[in-house]
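Listing of query-v7.tsv; format and content: TSV, C-alpha atoms.
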chain	number	residue	atom	x	y	z
A	403	MET	CA	20.87	-29.78	-125.64
A	404	THR	CA	23.42	-30.45	-122.88
A	405	PHE	CA	22.18	-31.20	-119.36
A	406	ASP	CA	24.11	-30.99	-116.12
A	407	ARG	CA	24.21	-33.67	-113.45
A	408	LYS	CA	21.16	-32.27	-111.63
A	409	ASN	CA	19.02	-32.37	-114.78
A	410	TYR	CA	19.85	-35.99	-115.54
A	411	ILE	CA	19.32	-37.22	-111.98
A	412	SER	CA	16.07	-35.30	-111.49
A	413	LYS	CA	14.67	-37.00	-114.60
A	414	SER	CA	15.63	-40.51	-113.40
A	415	LYS	CA	12.59	-42.52	-112.36
A	416	ARG	CA	14.17	-45.97	-112.60
A	417	LEU	CA	17.72	-46.74	-111.58
A	418	VAL	CA	20.05	-49.69	-111.27
A	419	VAL	CA	22.32	-49.77	-108.23
A	420	LYS	CA	25.32	-52.09	-108.49
A	421	ILE	CA	26.82	-53.18	-105.16
A	422	GLY	CA	30.44	-54.35	-105.02
A	423	SER	CA	31.73	-57.30	-102.97
A	424	SER	CA	33.91	-54.99	-100.87
A	425	LEU	CA	30.78	-53.22	-99.57
A	426	LEU	CA	28.84	-56.38	-98.86
A	427	THR	CA	31.56	-58.34	-97.09
A	428	ASP	CA	33.79	-57.77	-94.10
A	429	SER	CA	37.02	-59.71	-94.60
A	430	LYS	CA	38.14	-59.10	-91.00
A	431	LYS	CA	34.92	-60.31	-89.39
A	432	ARG	CA	34.55	-62.85	-92.20
A	433	GLY	CA	30.92	-62.33	-93.02
A	434	ILE	CA	28.22	-60.33	-94.80
A	435	ARG	CA	27.79	-56.75	-93.57
A	436	ASN	CA	24.19	-56.83	-92.34
A	437	ARG	CA	24.45	-53.20	-91.24
A	438	PHE	CA	25.25	-52.15	-94.81
A	439	LEU	CA	22.27	-54.12	-96.18
A	440	ASN	CA	19.95	-52.57	-93.59
A	441	HIS	CA	21.16	-49.11	-94.57
A	442	LEU	CA	20.73	-49.92	-98.27
A	443	ALA	CA	17.17	-51.11	-97.66
A	444	ALA	CA	16.35	-47.85	-95.84
A	445	GLN	CA	17.62	-45.82	-98.80
A	446	VAL	CA	15.68	-47.90	-101.33
A	447	GLU	CA	12.54	-47.44	-99.23
A	448	GLU	CA	13.00	-43.65	-99.35
A	449	LEU	CA	13.51	-43.70	-103.09
A	450	ASN	CA	10.43	-45.88	-103.59
A	451	ASP	CA	8.38	-43.44	-101.51
A	452	SER	CA	9.60	-40.69	-103.84
A	453	GLY	CA	8.39	-42.61	-106.90
A	454	ILE	CA	11.85	-43.83	-107.94
A	455	GLN	CA	12.06	-47.52	-108.86
A	456	CYS	CA	15.20	-49.46	-107.90
A	457	VAL	CA	16.89	-52.57	-109.27
A	458	ILE	CA	19.86	-53.97	-107.33
A	459	VAL	CA	22.77	-55.73	-109.05
A	460	THR	CA	24.70	-57.51	-106.35
A	461	SER	CA	28.07	-59.14	-106.11
A	462	GLY	CA	29.16	-61.25	-103.17
A	463	ALA	CA	27.91	-64.82	-103.78
A	464	ILE	CA	31.40	-66.33	-103.97
A	465	ALA	CA	32.61	-64.18	-101.06
A	466	ALA	CA	29.62	-65.30	-98.97
A	467	GLY	CA	30.38	-68.90	-99.87
A	468	MET	CA	33.99	-68.43	-98.78
A	469	PHE	CA	32.82	-67.26	-95.37
A	470	GLU	CA	30.29	-70.10	-95.07
A	471	VAL	CA	32.86	-72.83	-95.67
A	472	GLY	CA	35.74	-71.10	-93.89
A	473	LEU	CA	38.05	-70.18	-96.78
A	474	GLY	CA	40.33	-67.18	-96.27
A	475	LYS	CA	41.52	-66.82	-99.85
A	476	ARG	CA	39.57	-66.86	-103.10
A	477	PRO	CA	40.40	-70.06	-105.03
A	478	THR	CA	41.17	-70.16	-108.73
A	479	GLU	CA	39.72	-73.56	-109.73
A	480	MET	CA	36.43	-73.30	-111.62
A	481	ALA	CA	34.70	-76.13	-109.79
A	482	LYS	CA	35.51	-74.58	-106.41
A	483	LEU	CA	34.32	-71.14	-107.51
A	484	GLN	CA	31.06	-72.60	-108.78
A	485	ALA	CA	30.52	-74.55	-105.56
A	486	LEU	CA	31.21	-71.47	-103.45
A	487	ALA	CA	28.75	-69.44	-105.55
A	488	ALA	CA	26.07	-72.11	-105.01
A	489	VAL	CA	26.65	-72.07	-101.24
A	490	GLY	CA	26.91	-68.31	-100.97
A	491	GLN	CA	24.03	-67.22	-103.20
A	492	SER	CA	21.29	-68.60	-100.93
A	493	SER	CA	22.94	-67.08	-97.87
A	494	LEU	CA	23.37	-63.72	-99.58
A	495	MET	CA	19.79	-63.64	-100.84
A	496	HIS	CA	18.47	-64.50	-97.38
A	497	ARG	CA	20.33	-61.48	-95.94
A	498	TYR	CA	18.77	-59.23	-98.59
A	499	GLU	CA	15.32	-60.63	-97.88
A	500	VAL	CA	15.62	-60.05	-94.13
A	501	ALA	CA	17.00	-56.51	-94.49
A	502	PHE	CA	14.42	-55.36	-97.02
A	503	LYS	CA	11.52	-57.03	-95.23
A	504	ARG	CA	12.24	-54.86	-92.18
A	505	LYS	CA	11.41	-51.87	-94.39
A	506	GLY	CA	8.27	-53.47	-95.79
A	507	LEU	CA	9.89	-54.25	-99.13
A	508	LYS	CA	9.59	-57.50	-101.07
A	509	VAL	CA	12.56	-58.73	-103.09
A	510	ALA	CA	12.94	-61.18	-105.97
A	511	GLN	CA	16.07	-63.07	-106.98
A	512	ILE	CA	17.08	-62.99	-110.66
A	513	LEU	CA	20.14	-64.97	-111.80
A	514	LEU	CA	21.38	-64.27	-115.32
A	515	THR	CA	24.00	-65.61	-117.70
A	516	ALA	CA	25.32	-64.13	-120.92
A	517	GLU	CA	23.32	-66.73	-122.83
A	518	ASP	CA	20.09	-65.41	-121.31
A	519	LEU	CA	20.78	-61.94	-122.67
A	520	SER	CA	22.27	-63.01	-126.01
A	521	ASN	CA	19.06	-64.66	-127.20
A	522	ARG	CA	16.54	-61.99	-128.23
A	523	HIS	CA	13.50	-64.04	-127.16
A	524	ARG	CA	14.96	-64.81	-123.72
A	525	TYR	CA	16.09	-61.20	-123.41
A	526	SER	CA	12.50	-60.05	-124.02
A	527	ASN	CA	11.19	-62.55	-121.47
A	528	ALA	CA	13.68	-61.28	-118.88
A	529	HIS	CA	12.65	-57.70	-119.65
A	530	ASN	CA	8.99	-58.59	-119.12
A	531	THR	CA	9.86	-60.19	-115.76
A	532	PHE	CA	11.60	-57.02	-114.60
A	533	VAL	CA	8.67	-54.86	-115.70
A	534	GLU	CA	6.16	-57.06	-113.86
A	535	LEU	CA	8.20	-57.12	-110.65
A	536	ILE	CA	8.77	-53.37	-110.64
A	537	LYS	CA	5.10	-52.70	-111.44
A	538	ASN	CA	4.17	-54.67	-108.33
A	539	GLY	CA	6.61	-52.82	-106.08
A	540	ILE	CA	9.03	-55.74	-105.80
A	541	VAL	CA	12.77	-54.99	-105.81
A	542	PRO	CA	14.72	-57.25	-108.21
A	543	ILE	CA	18.05	-58.46	-106.78
A	544	VAL	CA	20.22	-59.51	-109.73
A	545	ASN	CA	23.42	-61.53	-109.86
A	546	GLU	CA	25.29	-63.61	-112.40
A	547	ASN	CA	24.48	-67.29	-112.18
A	548	ASP	CA	28.06	-68.09	-111.25
A	549	SER	CA	27.30	-71.65	-110.18
A	550	VAL	CA	26.75	-72.67	-113.82
A	551	ALA	CA	28.31	-69.88	-115.93
A	552	VAL	CA	31.94	-70.95	-116.18
A	553	GLU	CA	32.99	-68.24	-118.61
A	554	GLU	CA	31.34	-65.49	-116.53
A	555	ILE	CA	33.33	-66.52	-113.44
A	556	LYS	CA	36.54	-66.56	-115.40
A	557	PHE	CA	36.10	-63.37	-117.39
A	558	GLY	CA	32.95	-61.59	-116.23
A	559	ASP	CA	32.36	-58.88	-113.68
A	560	ASN	CA	29.23	-57.33	-112.21
A	561	ASP	CA	30.07	-53.84	-113.46
A	562	THR	CA	29.37	-55.19	-116.94
A	563	LEU	CA	26.26	-56.93	-115.63
A	564	GLY	CA	25.13	-53.58	-114.23
A	565	VAL	CA	25.35	-52.09	-117.72
A	566	LEU	CA	23.38	-54.97	-119.27
A	567	VAL	CA	20.68	-54.86	-116.59
A	568	THR	CA	20.36	-51.09	-117.03
A	569	HIS	CA	19.59	-51.67	-120.71
A	570	LEU	CA	17.44	-54.73	-119.99
A	571	CYS	CA	15.08	-52.94	-117.60
A	572	GLU	CA	15.35	-49.61	-119.48
A	573	ALA	CA	16.62	-47.69	-116.46
A	574	ASP	CA	17.44	-43.97	-116.58
A	575	LEU	CA	20.61	-44.15	-114.47
A	576	LEU	CA	23.28	-46.64	-113.37
A	577	ILE	CA	24.90	-46.07	-109.97
A	578	ILE	CA	27.95	-48.17	-109.13
A	579	LEU	CA	28.59	-48.20	-105.40
A	580	THR	CA	32.11	-49.13	-104.38
A	581	ASP	CA	34.51	-48.54	-101.47
A	582	THR	CA	36.16	-45.45	-103.00
A	583	ASP	CA	34.79	-41.92	-103.46
A	584	GLY	CA	34.77	-42.18	-107.25
A	585	PHE	CA	37.30	-42.04	-110.08
A	586	PHE	CA	40.60	-40.34	-109.27
A	587	SER	CA	43.33	-38.83	-111.42
A	588	GLU	CA	45.56	-41.61	-110.05
A	589	ASP	CA	45.13	-44.59	-107.76
A	590	PRO	CA	44.59	-42.94	-104.32
A	591	ARG	CA	45.97	-46.05	-102.61
A	592	LEU	CA	49.31	-45.39	-104.26
A	593	ASN	CA	49.24	-41.59	-104.40
A	594	PRO	CA	47.46	-39.79	-101.50
A	595	LYS	CA	47.54	-36.56	-103.55
A	596	ALA	CA	45.36	-38.05	-106.29
A	597	GLU	CA	42.36	-35.84	-107.10
A	598	LEU	CA	38.75	-36.94	-107.41
A	599	ILE	CA	37.30	-36.28	-110.87
A	600	SER	CA	33.75	-35.08	-110.29
A	601	GLU	CA	32.51	-34.95	-113.89
A	602	VAL	CA	33.48	-36.84	-117.03
A	603	LYS	CA	31.93	-35.61	-120.26
A	604	LYS	CA	34.24	-37.47	-122.60
A	605	LEU	CA	36.52	-40.42	-122.04
A	606	ASN	CA	40.07	-40.26	-123.36
A	607	PRO	CA	43.02	-42.68	-123.42
A	608	LYS	CA	44.55	-41.05	-120.33
A	609	ILE	CA	41.45	-41.74	-118.23
A	610	GLU	CA	41.33	-45.34	-119.41
A	611	LYS	CA	45.04	-45.77	-118.71
A	612	ASN	CA	44.70	-44.40	-115.17
A	613	ALA	CA	41.96	-46.89	-114.32
A	614	SER	CA	43.57	-49.39	-111.97
A	615	ARG	CA	42.84	-53.01	-111.13
A	616	SER	CA	41.22	-53.95	-107.84
A	617	ILE	CA	43.33	-55.47	-105.09
A	618	SER	CA	40.29	-56.92	-103.34
A	619	THR	CA	40.59	-60.46	-102.01
A	620	VAL	CA	36.90	-61.19	-102.59
A	621	GLY	CA	35.89	-59.35	-105.79
A	622	THR	CA	36.83	-59.59	-109.46
A	623	GLY	CA	36.31	-56.05	-110.71
A	624	GLY	CA	38.32	-52.86	-110.37
A	625	MET	CA	38.31	-49.32	-111.66
A	626	ARG	CA	39.19	-50.56	-115.13
A	627	THR	CA	35.92	-52.47	-115.43
A	628	LYS	CA	34.03	-49.46	-114.08
A	629	ILE	CA	35.54	-47.17	-116.70
A	630	GLN	CA	34.66	-49.71	-119.39
A	631	ALA	CA	31.11	-49.74	-118.00
A	632	ALA	CA	31.07	-45.93	-118.13
A	633	LYS	CA	32.29	-46.01	-121.73
A	634	ASN	CA	29.41	-48.29	-122.68
A	635	MET	CA	26.82	-46.26	-120.77
A	636	MET	CA	27.98	-42.93	-122.21
A	637	LYS	CA	27.81	-44.31	-125.75
A	638	SER	CA	24.31	-45.68	-125.15
A	639	GLY	CA	23.00	-42.31	-123.96
A	640	VAL	CA	22.35	-43.26	-120.32
A	641	PRO	CA	24.25	-41.56	-117.45
A	642	MET	CA	26.34	-43.41	-114.86
A	643	LEU	CA	27.77	-42.48	-111.49
A	644	ILE	CA	30.48	-44.10	-109.34
A	645	ALA	CA	30.19	-43.30	-105.63
A	646	ASN	CA	31.27	-44.53	-102.20
A	647	GLY	CA	28.65	-46.88	-100.79
A	648	ASN	CA	30.10	-46.45	-97.29
A	649	GLN	CA	28.99	-42.83	-97.20
A	650	PRO	CA	25.83	-42.48	-95.06
A	651	PHE	CA	22.71	-42.11	-97.21
A	652	ILE	CA	24.76	-41.90	-100.41
A	653	LEU	CA	21.72	-42.49	-102.65
A	654	LYS	CA	19.83	-39.69	-100.93
A	655	LYS	CA	22.80	-37.37	-101.43
A	656	ILE	CA	22.90	-38.26	-105.12
A	657	PHE	CA	19.21	-37.48	-105.61
A	658	ASN	CA	19.57	-34.28	-103.59
A	659	SER	CA	22.04	-33.21	-106.31
A	660	GLU	CA	25.04	-33.19	-103.99
A	661	LYS	CA	28.26	-33.46	-105.99
A	662	VAL	CA	29.39	-36.81	-104.70
A	663	GLY	CA	31.28	-39.42	-106.68
A	664	THR	CA	32.09	-39.22	-110.38
A	665	PHE	CA	29.30	-38.52	-112.85
A	666	PHE	CA	29.67	-39.73	-116.42
A	667	HIS	CA	27.64	-37.70	-118.91
A	668	PRO	CA	25.85	-39.64	-121.66
A	669	ALA	CA	25.79	-38.97	-125.37
A	670	ASN	CA	23.12	-36.44	-126.35
A	671	LYS	CA	21.09	-39.05	-128.23
A	672	LYS	CA	19.88	-42.22	-126.53
A	673	MET	CA	20.58	-45.37	-128.51
A	674	PRO	CA	17.42	-47.38	-129.39
A	675	SER	CA	16.79	-50.43	-127.20
A	676	ARG	CA	17.32	-52.92	-130.02
A	677	LYS	CA	20.72	-51.43	-130.89
A	678	ARG	CA	21.78	-51.43	-127.25
A	679	TRP	CA	20.96	-55.13	-127.14
A	680	LEU	CA	23.01	-55.72	-130.29
A	681	THR	CA	25.96	-53.74	-128.96
A	682	TRP	CA	26.37	-55.21	-125.49
A	683	SER	CA	24.23	-58.30	-124.92
A	684	VAL	CA	24.95	-60.49	-127.93
A	685	LYS	CA	27.87	-62.77	-128.70
A	686	PRO	CA	28.21	-62.91	-132.51
A	687	LYS	CA	28.16	-66.30	-134.21
A	688	GLY	CA	30.66	-65.45	-136.95
A	689	SER	CA	32.15	-62.76	-139.16
A	690	ILE	CA	31.54	-61.22	-142.58
A	691	ILE	CA	34.63	-59.73	-144.20
A	692	VAL	CA	33.91	-56.73	-146.44
A	693	ASP	CA	35.90	-54.72	-148.99
A	694	GLU	CA	36.86	-51.05	-148.65
A	695	GLY	CA	33.84	-49.85	-150.61
A	696	ALA	CA	31.40	-51.62	-148.30
A	697	GLN	CA	33.36	-50.46	-145.27
A	698	ASN	CA	33.04	-46.85	-146.37
A	699	ALA	CA	29.31	-47.28	-147.08
A	700	LEU	CA	28.67	-48.75	-143.62
A	701	VAL	CA	30.88	-46.47	-141.54
A	702	ASN	CA	30.58	-43.12	-143.29
A	703	LYS	CA	27.28	-43.27	-145.18
A	704	ASN	CA	25.14	-45.33	-142.74
A	705	LYS	CA	24.20	-47.79	-145.49
A	706	SER	CA	23.05	-51.41	-145.27
A	707	LEU	CA	25.38	-54.28	-146.14
A	708	LEU	CA	24.77	-55.67	-149.63
A	709	PRO	CA	26.19	-58.91	-151.11
A	710	THR	CA	28.40	-57.06	-153.60
A	711	GLY	CA	30.73	-55.72	-150.90
A	712	ILE	CA	31.32	-59.07	-149.17
A	713	LYS	CA	34.65	-60.83	-149.70
A	714	SER	CA	34.32	-63.88	-147.41
A	715	THR	CA	32.89	-65.28	-144.17
A	716	ASN	CA	34.18	-66.90	-141.01
A	717	GLY	CA	32.05	-69.13	-138.79
A	718	ILE	CA	28.65	-70.76	-139.10
A	719	TRP	CA	25.31	-69.08	-138.41
A	720	GLU	CA	21.66	-69.24	-139.38
A	721	LYS	CA	19.37	-66.53	-140.68
A	722	GLY	CA	18.44	-64.11	-137.89
A	723	GLU	CA	21.61	-64.59	-135.86
A	724	VAL	CA	24.09	-61.82	-135.03
A	725	VAL	CA	27.46	-61.59	-136.78
A	726	ARG	CA	30.43	-59.25	-136.81
A	727	VAL	CA	31.32	-57.18	-139.85
A	728	VAL	CA	35.10	-56.82	-140.20
A	729	ASP	CA	37.40	-55.09	-142.69
A	730	VAL	CA	40.10	-56.80	-144.77
A	731	LYS	CA	42.55	-56.37	-141.86
A	732	GLY	CA	40.23	-58.27	-139.52
A	733	GLU	CA	39.20	-55.23	-137.47
A	734	GLU	CA	35.58	-55.16	-136.36
A	735	ILE	CA	33.57	-52.24	-137.74
A	736	ALA	CA	29.99	-53.30	-136.96
A	737	LYS	CA	27.63	-55.97	-135.62
A	738	GLY	CA	24.25	-56.87	-136.99
A	739	ILE	CA	21.48	-59.39	-137.61
A	740	SER	CA	22.10	-61.39	-140.77
A	741	ASN	CA	19.18	-61.94	-143.15
A	742	TYR	CA	20.99	-64.93	-144.64
A	743	SER	CA	22.77	-67.99	-143.24
A	744	SER	CA	26.55	-68.27	-143.50
A	745	ARG	CA	26.15	-70.88	-146.24
A	746	GLU	CA	23.95	-68.52	-148.26
A	747	VAL	CA	26.30	-65.56	-147.74
A	748	GLU	CA	29.17	-67.65	-149.09
A	749	LEU	CA	27.10	-68.39	-152.18
A	750	ILE	CA	26.09	-64.79	-152.90
A	751	LYS	CA	29.22	-62.88	-151.79
A	752	GLY	CA	30.39	-60.32	-154.34
A	753	MET	CA	27.14	-60.55	-156.32
A	754	LYS	CA	24.85	-57.75	-157.36
A	755	THR	CA	21.40	-57.86	-155.84
A	756	SER	CA	19.87	-58.84	-159.18
A	757	GLU	CA	22.05	-61.96	-159.30
A	758	VAL	CA	21.04	-63.31	-155.88
A	759	PHE	CA	17.73	-64.78	-157.04
A	760	LYS	CA	19.45	-66.73	-159.82
A	761	LYS	CA	21.91	-68.21	-157.35
A	762	LEU	CA	19.54	-69.07	-154.50
A	763	GLY	CA	16.28	-69.48	-156.40
A	764	ARG	CA	14.74	-66.95	-154.03
A	765	ILE	CA	15.50	-63.58	-152.47
A	766	VAL	CA	14.56	-62.73	-148.89
A	767	THR	CA	15.75	-59.14	-148.99
A	768	ASP	CA	18.29	-57.02	-150.86
A	769	GLU	CA	20.35	-56.44	-147.72
A	770	VAL	CA	22.48	-59.08	-146.01
A	771	ILE	CA	22.31	-56.83	-142.92
A	772	HIS	CA	19.88	-53.90	-142.84
A	773	ARG	CA	21.21	-50.69	-141.31
A	774	ASP	CA	18.34	-50.67	-138.76
A	775	ASN	CA	19.61	-54.02	-137.46
A	776	MET	CA	23.26	-52.95	-137.33
A	777	VAL	CA	25.44	-51.05	-134.86
A	778	LYS	CA	28.81	-49.53	-135.69
A	779	VAL	CA	31.64	-50.33	-133.30

Output the file's structure in the form of structure tokens.
Amino acid sequence: MTFDRKNYISKSKRLVVKIGSSLLTDSKKRGIRNRFLNHLAAQVEELNDSGIQCVIVTSGAIAAGMFEVGLGKRPTEMAKLQALAAVGQSSLMHRYEVAFKRKGLKVAQILLTAEDLSNRHRYSNAHNTFVELIKNGIVPIVNENDSVAVEEIKFGDNDTLGVLVTHLCEADLLIILTDTDGFFSEDPRLNPKAELISEVKKLNPKIEKNASRSISTVGTGGMRTKIQAAKNMMKSGVPMLIANGNQPFILKKIFNSEKVGTFFHPANKKMPSRKRWLTWSVKPKGSIIVDEGAQNALVNKNKSLLPTGIKSTNGIWEKGEVVRVVDVKGEEIAKGISNYSSREVELIKGMKTSEVFKKLGRIVTDEVIHRDNMVKV
């Protein structure tokens, strides 16, 4: 059954709102936009009163740090970026606390790294924290822990974090607020005649190609990262919307079913939580290379991976860790939780299930990766 935008939004009782650096900071006045935060708090209060729970994913720690120490241009050195994040995060969080307190709302700071979400046990702990905060009416304010996460500063962006937090707290909708009205047919800064695309039901190469990089002096994202986020959300079965956070009461307009921004329709079937974690939150420890027969069984027949179809391995992992499954050309076809260590897989590769016990002296399970613990790429 296909729903329209109104149906999806009316069913959303928990949402993640991602706020971009360009909304939070004023490069001319060189500071945090308190007026924007006050307006955001007022909108969250209204949503809470309507029974809609909100989680905020915020950017802006490095930008706030730049303003605090008097830097006009974002540096490139890792140590400086980390130091700026450390300075700016406390200042940014204080502004959130003040703005939301005026509306009678309590906030909680949550700083995450990829490592926190990659480990299933820590992922579950983080999920439980979100649930407890939301249950008690406290608004989680989430950011990457940029002061320690070197790789996240270099390669990460908070659009991706918005996707991961949406899955982590099992939200019904991701709203990315930025300084443009949504996704356009072309970059509106370069072509004033570019048209806003109101609905996207299926992504295609043309849409991905048209996504442009940000020219912001304080942020790291751009429309390309937002389209990648949309691609992930659509595949997972959760809707996403890009809208202009500078529009007055933009969240209210969205929940009043006004056609603002660009709405990305999800797949008809929602991906199970465990598979969403496997797909987007985990960094695989290694690779299993399979033959054409195994590839066909995994991709086209939804089968589990057995030892007989394995040709070789790459990397080192222990039982229970996540690995890639790649074809003979090295192209990734799946990810999953391995029931055997890399050493054991090397010993039993190419064997029939009946031969595994003779080789290892034991057999944990017939499958190296069970189909329930695997996601196809």

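Atom CA of A:Ser638 sits 21.1 Å away from atom CA of A:Ile771.
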
Selection: 12 Å around A:Arg726, all atoms listed in the file, excl. self and same-chain fewer than 6 positions, as a PyMOL selection string: chain A and resi 680-681+684-692+707+715-719+732-740+744+771+776-779

For A:Gly711: contacts at 8 Å, all atoms listed in the file, fewer than 3 positions along chain excluded, given as a ChimeraX atom specification: /A:692-693,695-696,707-708,751-752

Atomic separation - atom CA of A:Arg497 relative to atom CA of A:Asn436, Å: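 Straight-line distance from atom CA of A:Asn436 to atom CA of A:Arg497 works out to 7.0 Å.
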
Point-to-point distance from atom CA of A:Lys677 to atom CA of A:Arg773, Å rounded to tenths: 10.5 Å

Top pick for closest residue to A:Asp589, considering A:Leu749, A:Ala573, A:Ala613, A:Val509 and counting all atoms listed in the file: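 With all atoms listed in the file as the atom set, the closest residue is A:Ala613.
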
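If only C-alpha atoms are the atoms counted, then among A:Lys537, A:Arg522, A:Lys420, A:Lys475 the closest residue to A:Ile578 is A:Lys420.
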
Nearby residues (all atoms listed in the file) at most 6 Å from stretch 642-645 of chain A, same-chain spacing under 4 positions excluded, as a list in words: Leu575, Leu576, Ile577, Ile578, Leu579, Asp583, Gly584, Gly663, Thr664, Phe665 and Phe666 of chain A

Which residue of A:Lys608, A:Arg524, A:Arg591, A:Lys637 approaches A:Val565 most closely, using only C-alpha atoms: A:Lys637

Among the residues A:His569, A:Lys604, A:Lys721, A:His496, the one that comes closest to A:Ser683 [using all atoms listed in the file]: A:His569

Residue among A:Phe405, A:Ile464, A:Ser526, A:Val533 lying closest to A:Ala669, counting all atoms listed in the file: A:Phe405

Selected residue of minimal separation from A:Gly763 among A:Ile750, A:Leu570, A:Ala699, A:Met635, counting only C-alpha atoms: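 Checking each candidate against A:Gly763, we get A:Ile750 as the closest.
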
Box centre and edge lengths (Å, one decimal), axis-aligned, stretch 658-669 of chain A plus 6 Å each side, as lines of an AutoDock Vina configuration file:
center_x = 25.8
center_y = -36.5
center_z = -114.5
size_x = 24.5
size_y = 18.5
size_z = 33.8
